[in-house]
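The structure file work.txt is reproduced below (compact mmCIF, C-alpha atoms).
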# COMPACT_ATOMS: atom_id res chain seq x y z
CA MET A 1 14.11 14.23 -7.65
CA THR A 2 16.90 11.72 -7.46
CA ILE A 3 15.10 8.52 -8.39
CA SER A 4 15.39 6.99 -11.86
CA PRO A 5 12.74 7.71 -14.51
CA ASP A 6 11.75 4.02 -14.41
CA ASP A 7 11.16 4.19 -10.68
CA ASP A 8 9.18 7.39 -11.06
CA PHE A 9 6.92 5.68 -13.62
CA ALA A 10 6.54 2.71 -11.31
CA ALA A 11 5.61 5.15 -8.51
CA ALA A 12 3.11 6.85 -10.84
CA GLU A 13 1.53 3.54 -11.83
CA TYR A 14 1.45 2.45 -8.19
CA ALA A 15 -0.51 5.60 -7.34
CA LEU A 16 -2.77 5.24 -10.38
CA GLY A 17 -3.30 1.54 -9.58
CA THR A 18 -2.28 -0.12 -12.85
CA LEU A 19 0.56 -2.31 -11.52
CA ASP A 20 -0.10 -6.05 -11.32
CA ALA A 21 -0.08 -7.90 -7.98
CA SER A 22 3.61 -8.77 -8.04
CA GLU A 23 4.80 -5.32 -9.14
CA ARG A 24 2.54 -3.75 -6.54
CA ALA A 25 3.86 -5.97 -3.75
CA THR A 26 7.44 -5.29 -4.81
CA LEU A 27 6.93 -1.54 -4.77
CA ALA A 28 5.05 -1.68 -1.45
CA ALA A 29 8.04 -3.51 -0.01
CA ARG A 30 10.63 -1.19 -1.54
CA ARG A 31 8.94 2.01 -0.38
CA LEU A 32 9.40 0.96 3.24
CA ARG A 33 13.15 1.00 2.71
CA GLU A 34 13.60 3.66 0.04
CA PRO A 35 12.49 7.09 1.28
CA GLU A 36 12.91 8.70 -2.16
CA LEU A 37 10.67 6.11 -3.78
CA ASP A 38 8.16 6.54 -0.95
CA GLU A 39 8.21 10.30 -1.52
CA ALA A 40 7.70 9.82 -5.27
CA ILE A 41 4.66 7.62 -4.61
CA ARG A 42 3.25 10.20 -2.19
CA SER A 43 3.78 12.96 -4.77
CA TRP A 44 1.91 10.98 -7.40
CA GLU A 45 -0.89 10.18 -4.95
CA ALA A 46 -1.20 13.89 -4.20
CA ARG A 47 -1.29 14.79 -7.91
CA LEU A 48 -4.12 12.34 -8.61
CA ALA A 49 -6.05 12.61 -5.33
CA PRO A 50 -8.29 15.55 -6.36
CA LEU A 51 -10.02 13.13 -8.77
CA ALA A 52 -11.64 11.43 -5.77
CA GLU A 53 -13.73 14.58 -5.22
CA ALA A 54 -15.59 13.87 -8.44
CA ALA A 55 -16.51 10.29 -7.45
CA PRO A 56 -20.21 10.33 -6.52
CA GLU A 57 -21.14 9.03 -3.09
CA ILE A 58 -22.57 5.53 -2.65
CA GLU A 59 -24.29 4.46 0.57
CA PRO A 60 -22.63 1.35 2.01
CA PRO A 61 -24.98 -1.64 1.77
CA ARG A 62 -25.00 -2.46 5.49
CA ASP A 63 -24.28 -0.68 8.70
CA LEU A 64 -20.56 -1.06 9.16
CA TRP A 65 -20.18 1.31 12.08
CA PRO A 66 -20.66 -1.19 14.95
CA ALA A 67 -17.94 -3.43 13.52
CA ILE A 68 -15.56 -0.50 13.02
CA GLU A 69 -16.26 0.83 16.49
CA ALA A 70 -15.56 -2.61 17.97
CA ARG A 71 -12.26 -2.71 16.09
CA ILE A 72 -11.02 0.67 17.33
CA ARG A 73 -12.15 -0.09 20.86
CA GLY A 74 -10.21 -3.33 20.67
CA ALA A 75 -7.48 -1.75 22.76
CA SER A 76 -7.90 -4.57 25.26
CA PRO A 77 -5.65 -7.41 24.17
CA ASP A 78 -8.37 -10.05 24.33
CA ALA A 79 -10.84 -8.21 22.11
CA PRO A 80 -11.89 -10.43 19.22
CA GLY A 81 -11.43 -9.62 15.57
CA ASN A 82 -8.66 -7.10 15.95
CA GLY A 83 -7.06 -5.97 12.73
CA THR A 84 -3.57 -7.16 12.17
CA ILE A 85 -2.35 -3.63 11.58
CA VAL A 86 -3.88 -2.34 14.79
CA GLU A 87 -2.40 -5.26 16.66
CA LEU A 88 0.97 -4.93 15.07
CA GLU A 89 1.27 -1.21 15.58
CA ARG A 90 0.25 -1.54 19.19
CA SER A 91 2.81 -4.26 19.60
CA ILE A 92 5.46 -2.11 17.98
CA ARG A 93 4.79 0.64 20.48
CA ARG A 94 5.09 -1.87 23.30
CA TRP A 95 8.38 -3.15 21.97
CA ARG A 96 9.85 0.21 21.17
CA ALA A 97 12.07 0.60 24.20
CA MET A 98 13.21 -2.99 24.00
CA ALA A 99 13.67 -2.78 20.26
CA ILE A 100 16.17 0.06 20.34
CA ALA A 101 18.43 -2.33 22.16
CA ALA A 102 17.41 -5.02 19.70
CA SER A 103 18.41 -3.00 16.67
CA VAL A 104 21.83 -2.54 18.18
CA LEU A 105 21.87 -6.28 18.70
CA ALA A 106 20.81 -6.82 15.09
CA GLY A 107 23.77 -4.77 13.97
CA VAL A 108 26.01 -6.80 16.21
CA LEU A 109 24.54 -9.98 14.75
CA ALA A 110 25.28 -8.82 11.22
CA ILE A 111 28.82 -7.91 12.15
CA GLY A 112 29.04 -11.23 13.96
CA PHE A 113 28.21 -13.07 10.76
CA VAL A 114 30.79 -11.10 8.82
CA ALA A 115 33.52 -11.89 11.30
CA ARG A 116 32.61 -15.55 11.74
CA GLU A 117 32.01 -16.41 8.11
CA THR A 118 35.02 -14.66 6.69
CA THR A 119 37.38 -16.40 9.08
CA ARG A 120 35.82 -19.82 8.60
CA ARG A 121 36.01 -20.19 4.83
CA SER A 122 37.91 -18.50 2.06
CA ALA A 123 35.03 -17.55 -0.24
CA PRO A 124 31.65 -18.51 1.17
CA HIS A 125 28.59 -17.14 -0.53
CA GLU A 126 27.02 -15.74 2.57
CA TYR A 127 24.41 -13.01 2.57
CA VAL A 128 22.58 -11.28 5.38
CA ALA A 129 19.49 -9.09 5.54
CA ILE A 130 18.05 -7.32 8.53
CA LEU A 131 14.33 -6.92 7.93
CA GLN A 132 13.25 -3.87 9.81
CA LYS A 133 10.73 -1.07 9.48
CA ASP A 134 12.88 1.53 11.17
CA ALA A 135 15.68 1.63 13.70
CA ALA A 136 13.28 1.49 16.63
CA SER A 137 11.12 -1.45 15.54
CA PRO A 138 11.61 -5.20 15.93
CA ALA A 139 13.63 -6.99 13.35
CA PHE A 140 14.39 -10.31 11.68
CA ALA A 141 17.86 -11.39 10.75
CA VAL A 142 17.88 -13.42 7.54
CA THR A 143 21.05 -15.20 6.46
CA VAL A 144 21.44 -17.03 3.18
CA ASN A 145 24.12 -19.47 2.17
CA LEU A 146 24.14 -19.70 -1.61
CA ASP A 147 26.44 -22.74 -1.71
CA LYS A 148 24.19 -24.76 0.55
CA GLN A 149 21.05 -23.04 -0.80
CA GLU A 150 19.93 -22.52 2.74
CA LEU A 151 18.17 -19.68 4.44
CA THR A 152 17.95 -19.05 8.16
CA VAL A 153 15.64 -16.52 9.71
CA ARG A 154 16.01 -15.39 13.29
CA PRO A 155 13.49 -13.09 15.00
CA VAL A 156 15.15 -10.29 16.95
CA ALA A 157 12.72 -9.00 19.57
CA ALA A 158 9.92 -9.63 17.09
CA GLN A 159 6.94 -11.52 18.39
CA ALA A 160 3.86 -12.14 16.27
CA PRO A 161 0.69 -10.41 17.54
CA PRO A 162 -1.51 -12.75 19.61
CA GLY A 163 -3.24 -15.28 17.38
CA LYS A 164 -1.17 -14.33 14.32
CA SER A 165 1.90 -15.69 12.61
CA TYR A 166 4.75 -13.96 10.80
CA GLU A 167 5.42 -15.38 7.35
CA LEU A 168 8.54 -14.81 5.25
CA TRP A 169 8.30 -14.19 1.50
CA ILE A 170 10.74 -13.93 -1.35
CA ILE A 171 9.75 -11.25 -3.86
CA ASP A 172 11.31 -10.80 -7.27
CA ALA A 173 9.93 -9.73 -10.64
CA LYS A 174 11.29 -12.98 -12.14
CA LEU A 175 9.19 -15.05 -9.75
CA GLY A 176 5.92 -13.34 -10.56
CA ALA A 177 3.90 -13.39 -7.33
CA PRO A 178 5.60 -13.40 -3.91
CA ARG A 179 6.60 -16.95 -2.84
CA SER A 180 6.34 -18.12 0.74
CA LEU A 181 9.47 -19.24 2.57
CA GLY A 182 7.42 -20.39 5.52
CA VAL A 183 6.16 -19.21 8.86
CA ILE A 184 8.70 -17.73 11.25
CA GLY A 185 8.87 -19.36 14.67
CA ASP A 186 10.37 -18.13 17.92
CA THR A 187 13.64 -19.86 17.23
CA PRO A 188 15.99 -19.59 14.27
CA ARG A 189 14.55 -21.53 11.41
CA GLY A 190 16.01 -22.86 8.20
CA ALA A 191 14.46 -23.12 4.76
CA SER A 192 15.74 -24.61 1.51
CA LEU A 193 16.28 -22.31 -1.43
CA SER A 194 17.13 -25.07 -3.90
CA ALA A 195 14.02 -24.24 -5.92
CA TYR A 196 15.34 -20.76 -6.70
CA ASP A 197 17.96 -19.43 -9.07
CA PRO A 198 20.93 -18.13 -7.01
CA ALA A 199 20.84 -14.82 -8.90
CA VAL A 200 17.20 -14.39 -7.90
CA VAL A 201 17.95 -15.35 -4.30
CA ALA A 202 20.75 -12.80 -4.06
CA GLY A 203 18.83 -9.97 -5.70
CA ALA A 204 15.34 -10.58 -4.31
CA THR A 205 13.47 -8.57 -1.71
CA TYR A 206 12.60 -10.45 1.47
CA ALA A 207 9.44 -9.45 3.27
CA VAL A 208 7.48 -10.45 6.35
CA THR A 209 3.68 -10.28 6.55
CA VAL A 210 1.25 -10.85 9.41
CA GLU A 211 -0.88 -13.90 8.68
CA PRO A 212 -3.47 -16.09 10.38
CA PRO A 213 -1.92 -18.74 12.70
CA GLY A 214 0.11 -21.18 10.65
CA GLY A 215 0.50 -18.88 7.67
CA SER A 216 -1.43 -17.57 4.72
CA PRO A 217 -4.37 -19.87 3.89
CA ASP A 218 -4.10 -19.39 0.12
CA GLY A 219 -0.36 -19.15 -0.38
CA LYS A 220 -0.52 -15.42 -1.07
CA PRO A 221 0.39 -12.58 1.30
CA SER A 222 -2.72 -11.38 3.13
CA GLY A 223 -1.54 -7.82 3.26
CA THR A 224 1.32 -5.50 2.46
CA PRO A 225 4.62 -6.42 4.11
CA VAL A 226 5.37 -5.10 7.56
CA PHE A 227 9.10 -5.78 7.38
CA VAL A 228 11.27 -5.81 4.29
CA GLY A 229 14.90 -6.01 3.33
CA LYS A 230 17.41 -7.02 0.69
CA LEU A 231 20.42 -9.23 1.11
CA ILE A 232 23.86 -7.77 1.59
CA PRO A 233 26.86 -9.95 0.72
CA VAL A 234 28.79 -10.82 3.85
CA SER A 235 31.79 -11.80 1.78
CA PRO A 236 32.58 -12.03 -1.95
CA MET B 1 -15.40 21.26 -1.56
CA THR B 2 -12.00 21.78 -0.07
CA ILE B 3 -9.04 23.71 -1.24
CA ARG B 4 -5.84 21.79 -1.63
CA GLY B 5 -2.67 23.00 0.01
CA GLY B 6 -2.72 26.50 1.38
CA ALA B 7 -0.47 29.49 1.67
CA PRO B 8 2.42 28.99 4.07
CA GLY B 9 1.45 30.40 7.42
CA GLY B 10 -2.11 30.89 6.21
CA ARG B 11 -5.06 29.22 7.84
CA ALA B 12 -6.97 26.51 6.09
CA PRO B 13 -10.18 27.78 4.55
CA THR B 14 -13.41 27.29 6.42
CA GLY B 15 -15.92 24.75 5.23
CA ALA B 16 -16.16 20.98 5.14
CA GLY B 17 -12.42 20.54 4.76
CA ASP B 18 -11.69 22.53 7.86
CA ASP B 19 -14.17 20.42 9.82
CA LEU B 20 -12.60 17.20 8.60
CA SER B 21 -9.12 18.50 9.46
CA ASN B 22 -10.30 19.29 12.97
CA LEU B 23 -11.88 15.89 13.30
CA LEU B 24 -8.68 14.20 12.14
CA SER B 25 -6.57 16.09 14.65
CA ARG B 26 -9.00 15.09 17.41
CA ILE B 27 -8.96 11.48 16.20
CA ALA B 28 -5.17 11.57 16.49
CA THR B 29 -5.73 12.10 20.24
CA ARG B 30 -7.97 9.01 20.31
CA ASP B 31 -11.23 10.96 20.36
CA ALA B 32 -13.84 8.32 19.51
CA SER B 33 -16.69 10.84 19.15
CA ALA B 34 -14.69 12.74 16.51
CA PHE B 35 -14.15 9.44 14.72
CA ALA B 36 -17.90 8.71 14.76
CA ALA B 37 -18.56 12.16 13.29
CA LEU B 38 -15.92 11.66 10.61
CA TYR B 39 -17.40 8.28 9.69
CA LYS B 40 -20.86 9.80 9.38
CA GLN B 41 -19.63 12.59 7.10
CA THR B 42 -17.40 10.53 4.86
CA ASN B 43 -18.54 6.89 4.68
CA ALA B 44 -20.67 7.28 1.53
CA LYS B 45 -17.86 9.21 -0.14
CA LEU B 46 -15.20 6.63 0.64
CA TYR B 47 -17.56 3.78 -0.18
CA GLY B 48 -18.03 5.48 -3.55
CA VAL B 49 -14.26 5.18 -4.02
CA VAL B 50 -13.83 1.53 -2.95
CA ALA B 51 -17.08 0.11 -4.41
CA ARG B 52 -16.17 1.16 -7.95
CA ILE B 53 -12.94 -0.84 -7.66
CA LEU B 54 -14.17 -3.79 -5.58
CA THR B 55 -17.37 -4.72 -7.31
CA ARG B 56 -17.96 -8.18 -5.88
CA GLY B 57 -20.01 -9.27 -2.91
CA ASP B 58 -18.96 -7.92 0.43
CA ALA B 59 -15.41 -7.07 -0.61
CA ALA B 60 -16.08 -3.33 -0.74
CA ALA B 61 -17.83 -3.28 2.64
CA ASP B 62 -15.01 -5.28 4.23
CA ALA B 63 -12.44 -2.97 2.66
CA LEU B 64 -14.27 0.11 3.93
CA GLN B 65 -14.05 -1.28 7.44
CA GLU B 66 -10.29 -1.72 7.08
CA VAL B 67 -9.98 1.78 5.65
CA TYR B 68 -11.59 3.37 8.71
CA VAL B 69 -9.46 1.34 11.12
CA ARG B 70 -6.45 2.63 9.21
CA ILE B 71 -7.72 6.22 9.35
CA TRP B 72 -8.13 5.83 13.11
CA GLU B 73 -4.56 4.57 13.42
CA LYS B 74 -2.96 7.04 11.01
CA ALA B 75 -4.92 10.25 11.74
CA GLY B 76 -1.84 11.80 13.34
CA GLU B 77 0.04 11.51 10.05
CA PHE B 78 -2.41 13.73 8.15
CA ASP B 79 -0.69 16.94 7.06
CA PRO B 80 -3.11 19.68 5.93
CA LEU B 81 -0.33 21.39 3.97
CA LYS B 82 0.02 18.36 1.72
CA GLY B 83 -3.60 18.04 0.64
CA SER B 84 -7.20 18.02 1.71
CA PRO B 85 -8.45 15.61 4.40
CA LEU B 86 -10.71 13.99 1.84
CA ALA B 87 -7.83 13.46 -0.59
CA TRP B 88 -5.81 11.85 2.21
CA MET B 89 -8.64 9.52 3.18
CA ALA B 90 -9.47 8.68 -0.44
CA THR B 91 -5.83 7.70 -1.02
CA ILE B 92 -5.99 5.28 1.90
CA ALA B 93 -9.29 3.92 0.55
CA ARG B 94 -7.98 3.46 -3.00
CA ASN B 95 -4.79 1.77 -1.85
CA ARG B 96 -6.74 -0.70 0.24
CA ALA B 97 -9.17 -1.43 -2.61
CA LEU B 98 -6.34 -1.83 -5.13
CA ASP B 99 -4.37 -4.17 -2.87
CA GLU B 100 -7.49 -6.27 -2.55
CA VAL B 101 -8.57 -6.30 -6.19
CA ARG B 102 -5.08 -7.24 -7.39
CA ARG B 103 -4.66 -9.89 -4.71
CA VAL B 104 -7.96 -11.60 -5.36
CA ARG B 105 -7.80 -11.46 -9.12
CA PRO B 106 -4.27 -11.17 -10.47
CA VAL B 107 -5.69 -11.49 -13.97
CA SER B 108 -8.25 -8.81 -13.85
CA VAL B 109 -11.79 -9.21 -15.05
CA GLU B 110 -13.04 -5.98 -13.58
CA ASP B 111 -14.21 -4.86 -16.99
CA GLN B 112 -17.04 -7.36 -16.59
CA PRO B 113 -18.45 -6.81 -13.14
CA GLU B 114 -21.26 -9.20 -12.26
CA GLY B 115 -24.56 -7.49 -11.75
CA PHE B 116 -22.91 -4.27 -10.70
CA GLU B 117 -25.41 -1.49 -11.07
CA LEU B 118 -22.74 1.12 -11.71
CA ALA B 119 -21.09 -0.77 -14.54
CA ALA B 120 -22.34 1.61 -17.19
CA GLU B 121 -21.63 4.74 -15.25
CA GLU B 122 -18.39 6.54 -15.97
CA ILE B 123 -17.27 9.46 -13.91
CA ASP B 124 -16.39 12.61 -15.78
CA PRO B 125 -14.49 15.00 -13.54
CA LEU B 126 -14.40 17.41 -16.47
CA ALA B 127 -18.14 17.85 -16.00
CA ALA B 128 -17.96 18.34 -12.24
CA ARG B 129 -19.71 21.57 -11.37
CA GLU B 130 -18.03 22.14 -8.06
CA ARG B 131 -14.26 21.87 -8.11
CA SER B 132 -11.50 22.53 -5.64
CA GLU B 133 -8.41 24.39 -6.78
CA GLY B 134 -6.59 21.06 -6.99
CA LEU B 135 -9.25 19.40 -9.12
CA SER B 136 -9.52 22.43 -11.42
CA ALA B 137 -5.79 22.34 -12.09
CA LEU B 138 -5.88 18.58 -12.72
CA VAL B 139 -8.93 18.85 -14.99
CA ASP B 140 -7.20 21.55 -17.06
CA CYS B 141 -4.25 19.19 -17.52
CA LEU B 142 -6.49 16.19 -18.29
CA LYS B 143 -8.17 18.22 -21.03
CA ALA B 144 -4.82 18.45 -22.80
CA LEU B 145 -4.69 14.64 -23.18
CA ASP B 146 -6.23 12.83 -26.17
CA GLU B 147 -9.72 11.63 -25.35
CA GLU B 148 -8.75 7.94 -25.39
CA LYS B 149 -5.70 8.48 -23.20
CA ARG B 150 -7.70 10.55 -20.76
CA ALA B 151 -10.34 7.81 -20.58
CA ILE B 152 -7.62 5.27 -19.77
CA VAL B 153 -6.28 7.36 -16.88
CA LEU B 154 -9.78 7.91 -15.50
CA LEU B 155 -10.77 4.23 -15.78
CA ALA B 156 -7.58 3.24 -14.00
CA TYR B 157 -8.22 5.77 -11.25
CA TYR B 158 -11.93 5.25 -10.66
CA ARG B 159 -12.36 1.57 -11.54
CA GLY B 160 -8.93 0.26 -10.64
CA SER B 161 -8.61 -1.17 -14.17
CA SER B 162 -5.38 -3.08 -14.74
CA ARG B 163 -3.24 -2.66 -17.86
CA GLU B 164 -4.68 -5.97 -19.14
CA ALA B 165 -8.27 -4.84 -18.63
CA LEU B 166 -7.52 -1.53 -20.34
CA ALA B 167 -5.81 -3.32 -23.24
CA LYS B 168 -8.88 -5.50 -23.72
CA ARG B 169 -11.28 -2.62 -23.47
CA PHE B 170 -9.43 -0.38 -25.90
CA GLY B 171 -8.31 -3.18 -28.25
CA ARG B 172 -4.61 -2.36 -27.88
CA PRO B 173 -1.64 -4.49 -26.83
CA VAL B 174 -0.62 -4.23 -23.17
CA PRO B 175 2.78 -2.61 -23.99
CA THR B 176 0.95 0.13 -25.90
CA ILE B 177 -1.26 0.80 -22.88
CA LYS B 178 1.84 0.94 -20.69
CA THR B 179 3.53 3.41 -23.03
CA TRP B 180 0.40 5.54 -23.17
CA LEU B 181 0.09 5.51 -19.40
CA HIS B 182 3.68 6.63 -18.99
CA ARG B 183 3.30 9.41 -21.54
CA SER B 184 -0.01 10.59 -20.10
CA LEU B 185 1.32 10.58 -16.54
CA ALA B 186 4.48 12.44 -17.54
CA GLN B 187 2.36 14.99 -19.39
CA LEU B 188 0.12 15.43 -16.34
CA ARG B 189 3.12 15.82 -14.04
CA ASP B 190 4.72 18.48 -16.25
CA CYS B 191 1.41 20.28 -16.75
CA LEU B 192 0.70 20.37 -13.00
CA ALA B 193 4.22 21.66 -12.30
CA SER B 194 3.88 24.54 -14.76

Turn this file's structure into structure tokens for me.
Amino acid sequence: MTISPDDDFAAAEYALGTLDASERATLAARRLREPELDEAIRSWEARLAPLAEAAPEIEPPRDLWPAIEARIRGASPDAPGNGTIVELERSIRRWRAMAIAASVLAGVLAIGFVARETTRRSAPHEYVAILQKDAASPAFAVTVNLDKQELTVRPVAAQAPPGKSYELWIIDAKLGAPRSLGVIGDTPRGASLSAYDPAVVAGATYAVTVEPPGGSPDGKPSGTPVFVGKLIPVSP
Amino acid sequence: MTIRGGAPGGRAPTGAGDDLSNLLSRIATRDASAFAALYKQTNAKLYGVVARILTRGDAAADALQEVYVRIWEKAGEFDPLKGSPLAWMATIARNRALDEVRRVRPVSVEDQPEGFELAAEEIDPLAARERSEGLSALVDCLKALDEEKRAIVLLAYYRGSSREALAKRFGRPVPTIKTWLHRSLAQLRDCLAS
């Protein structure tokens, strides 16, 4: 195992369930990008999983089957009450061909920022993150200017599932719970980061969740992130 | 119950586990009748997992619904060499329940469930009469922990107790609980590897 002992304990506590909301969200975001951490979590889940055998059965209080059946048959796009994950994964499949081209484009965008920003100013504090699940899925390009305390997010072949919105979050242990940076529209969108410590901004994890239209109703992510990334300095 | 893992190249043992594995591989091909059969066989088991963590109102029922949608979507990812079908499904169920319980109540009060009929019941896997190979190995390792430390691991697993809830229940500071958890988990890992 090549991960640090601290990360292995975090993975163990994630599997056991004792992490708090913020730690749990952070690890859920990191595992999407860090295969070794993901593997460590899976190993811990496998070690503990036999305990579930000893949990006595409980009959569910109401008949849930019709609702579940309706959800899995919701393959038609207009079916009501589709789960965000079902929707999203279906969408990802639909975008796959297009997204391979998009990921190339995302790379080009990142390189584009490097070239443009380094020639424009001597020492701008520019950072970029490509939020992406894997090379074949849609992506968001996030750029941060620390001097101006501005963030811009640009969807790259990423379209929210019908009736849902994508919302961007900043996640860092110092912030406690994930903080919303707003709903992501179809066009590049800016957000102010003046409320955040530059060190936190530079080191934080950025994550996108699928939310009801207009964003999370209670200011907290409604589910685990579907896209995550960390900032990379474009120039010193 | 099922036998975890399996010899390389060997066939999975017959029994409930084999049936569930077959059902999962059929579900991966979008076989809705296999999914209905899987639901019938496992819903009380998985509800037993989520309802001990999500003890309020309809939260457990709603979570169970999400769990089955996820099983439907992810069935193709199940790998019989990495564990039993039930262990795989229970992991999905626990993760969903834990995401929910932490999200709804960041400061946990799950040590005081309201009118929850199972509040007094604690699960003792050490007393389980029927055990898979995997559970037997884990139980042997759990026996090597101090009683209090073992109780903490089991409460965290079965009830989704947070460090804060465990600290309150055992009258210890949160950092002590964290240290104990780390030691207990490391001990379990080393014991299972030996």

Residues of chain B near chain A: apply a cut-off of 8 Å, count only C-alpha atoms, and supply the list as a PDB file with C-alpha atoms, in the frame of the given file.
ATOM      1  CA  MET B   1     -15.400  21.260  -1.560  1.00  0.00           C
ATOM      2  CA  TYR B  39     -17.400   8.280   9.690  1.00  0.00           C
ATOM      3  CA  ASN B  43     -18.540   6.890   4.680  1.00  0.00           C
ATOM      4  CA  ALA B  44     -20.670   7.280   1.530  1.00  0.00           C
ATOM      5  CA  LYS B  45     -17.860   9.210  -0.140  1.00  0.00           C
ATOM      6  CA  LEU B  46     -15.200   6.630   0.640  1.00  0.00           C
ATOM      7  CA  TYR B  47     -17.560   3.780  -0.180  1.00  0.00           C
ATOM      8  CA  GLY B  48     -18.030   5.480  -3.550  1.00  0.00           C
ATOM      9  CA  VAL B  49     -14.260   5.180  -4.020  1.00  0.00           C
ATOM     10  CA  ALA B  51     -17.080   0.110  -4.410  1.00  0.00           C
ATOM     11  CA  ALA B  61     -17.830  -3.280   2.640  1.00  0.00           C
ATOM     12  CA  GLN B  65     -14.050  -1.280   7.440  1.00  0.00           C
ATOM     13  CA  GLU B  66     -10.290  -1.720   7.080  1.00  0.00           C
ATOM     14  CA  TYR B  68     -11.590   3.370   8.710  1.00  0.00           C
ATOM     15  CA  VAL B  69      -9.460   1.340  11.120  1.00  0.00           C
ATOM     16  CA  ARG B  70      -6.450   2.630   9.210  1.00  0.00           C
ATOM     17  CA  TRP B  72      -8.130   5.830  13.110  1.00  0.00           C
ATOM     18  CA  GLU B  73      -4.560   4.570  13.420  1.00  0.00           C
ATOM     19  CA  LYS B  82       0.020  18.360   1.720  1.00  0.00           C
ATOM     20  CA  GLY B  83      -3.600  18.040   0.640  1.00  0.00           C
ATOM     21  CA  LEU B  86     -10.710  13.990   1.840  1.00  0.00           C
ATOM     22  CA  ALA B  87      -7.830  13.460  -0.590  1.00  0.00           C
ATOM     23  CA  TRP B  88      -5.810  11.850   2.210  1.00  0.00           C
ATOM     24  CA  ALA B  90      -9.470   8.680  -0.440  1.00  0.00           C
ATOM     25  CA  THR B  91      -5.830   7.700  -1.020  1.00  0.00           C
ATOM     26  CA  ASN B  95      -4.790   1.770  -1.850  1.00  0.00           C
ATOM     27  CA  LEU B  98      -6.340  -1.830  -5.130  1.00  0.00           C
ATOM     28  CA  ASP B  99      -4.370  -4.170  -2.870  1.00  0.00           C
ATOM     29  CA  ARG B 102      -5.080  -7.240  -7.390  1.00  0.00           C
ATOM     30  CA  ARG B 103      -4.660  -9.890  -4.710  1.00  0.00           C
ATOM     31  CA  PRO B 106      -4.270 -11.170 -10.470  1.00  0.00           C
ATOM     32  CA  ILE B 123     -17.270   9.460 -13.910  1.00  0.00           C
ATOM     33  CA  ASP B 124     -16.390  12.610 -15.780  1.00  0.00           C
ATOM     34  CA  PRO B 125     -14.490  15.000 -13.540  1.00  0.00           C
ATOM     35  CA  ALA B 128     -17.960  18.340 -12.240  1.00  0.00           C
ATOM     36  CA  ARG B 131     -14.260  21.870  -8.110  1.00  0.00           C
ATOM     37  CA  SER B 132     -11.500  22.530  -5.640  1.00  0.00           C
ATOM     38  CA  GLY B 134      -6.590  21.060  -6.990  1.00  0.00           C
ATOM     39  CA  LEU B 135      -9.250  19.400  -9.120  1.00  0.00           C
ATOM     40  CA  LEU B 138      -5.880  18.580 -12.720  1.00  0.00           C
ATOM     41  CA  VAL B 153      -6.280   7.360 -16.880  1.00  0.00           C
ATOM     42  CA  ALA B 156      -7.580   3.240 -14.000  1.00  0.00           C
ATOM     43  CA  TYR B 157      -8.220   5.770 -11.250  1.00  0.00           C
ATOM     44  CA  TYR B 158     -11.930   5.250 -10.660  1.00  0.00           C
ATOM     45  CA  GLY B 160      -8.930   0.260 -10.640  1.00  0.00           C
ATOM     46  CA  SER B 161      -8.610  -1.170 -14.170  1.00  0.00           C
ATOM     47  CA  SER B 162      -5.380  -3.080 -14.740  1.00  0.00           C
ATOM     48  CA  ARG B 163      -3.240  -2.660 -17.860  1.00  0.00           C
ATOM     49  CA  LEU B 181       0.090   5.510 -19.400  1.00  0.00           C
ATOM     50  CA  HIS B 182       3.680   6.630 -18.990  1.00  0.00           C
ATOM     51  CA  LEU B 185       1.320  10.580 -16.540  1.00  0.00           C
ATOM     52  CA  ARG B 189       3.120  15.820 -14.040  1.00  0.00           C
ATOM     53  CA  LEU B 192       0.700  20.370 -13.000  1.00  0.00           C
TER      54      LEU B 192
END

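Candidate residues A:Val128, A:Ala202, A:Val228, A:Ala29 were compared for distance to A:Leu168, and the nearest is A:Val228, using all atoms listed in the file.
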
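Across the model, the gap from atom CA of B:Leu154 to atom CA of B:Thr176 is 16.8 Å.
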
Separating atom CA of B:Val67 from atom CA of B:Thr42, to the nearest tenth of an Å, is a gap of 11.5 Å

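Atom CA of A:Leu193 lies 8.3 Å from atom CA of A:Leu146.
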
Using all atoms listed in the file, can you list as a ChimeraX atom specification the residues within 9 Å of (25.5, -25.3, -4.9)?
/A:146-149,194,198

Given the selection you just returned, output its residues as a file containing C-alpha atoms, formatted as a compact mmCIF listing (two decimals), in the coordinates of the input.
# COMPACT_ATOMS: atom_id res chain seq x y z
CA LEU A 146 24.14 -19.70 -1.61
CA ASP A 147 26.44 -22.74 -1.71
CA LYS A 148 24.19 -24.76 0.55
CA GLN A 149 21.05 -23.04 -0.80
CA SER A 194 17.13 -25.07 -3.90
CA PRO A 198 20.93 -18.13 -7.01

Can you list, as a list in words, every protein, DNA or RNA residue that comes within 7 Å of A:Glu211 when you count only C-alpha atoms, leaving out same-chain residues fewer than 6 positions away?
Lys164, Ser165, Tyr166, Glu167 and Ser222 of chain A

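Among the candidates B:Leu24, B:Leu155, B:Ala60, B:Val174, the residue lying nearest to B:Ser84 is B:Leu24 (atoms considered: only C-alpha atoms).
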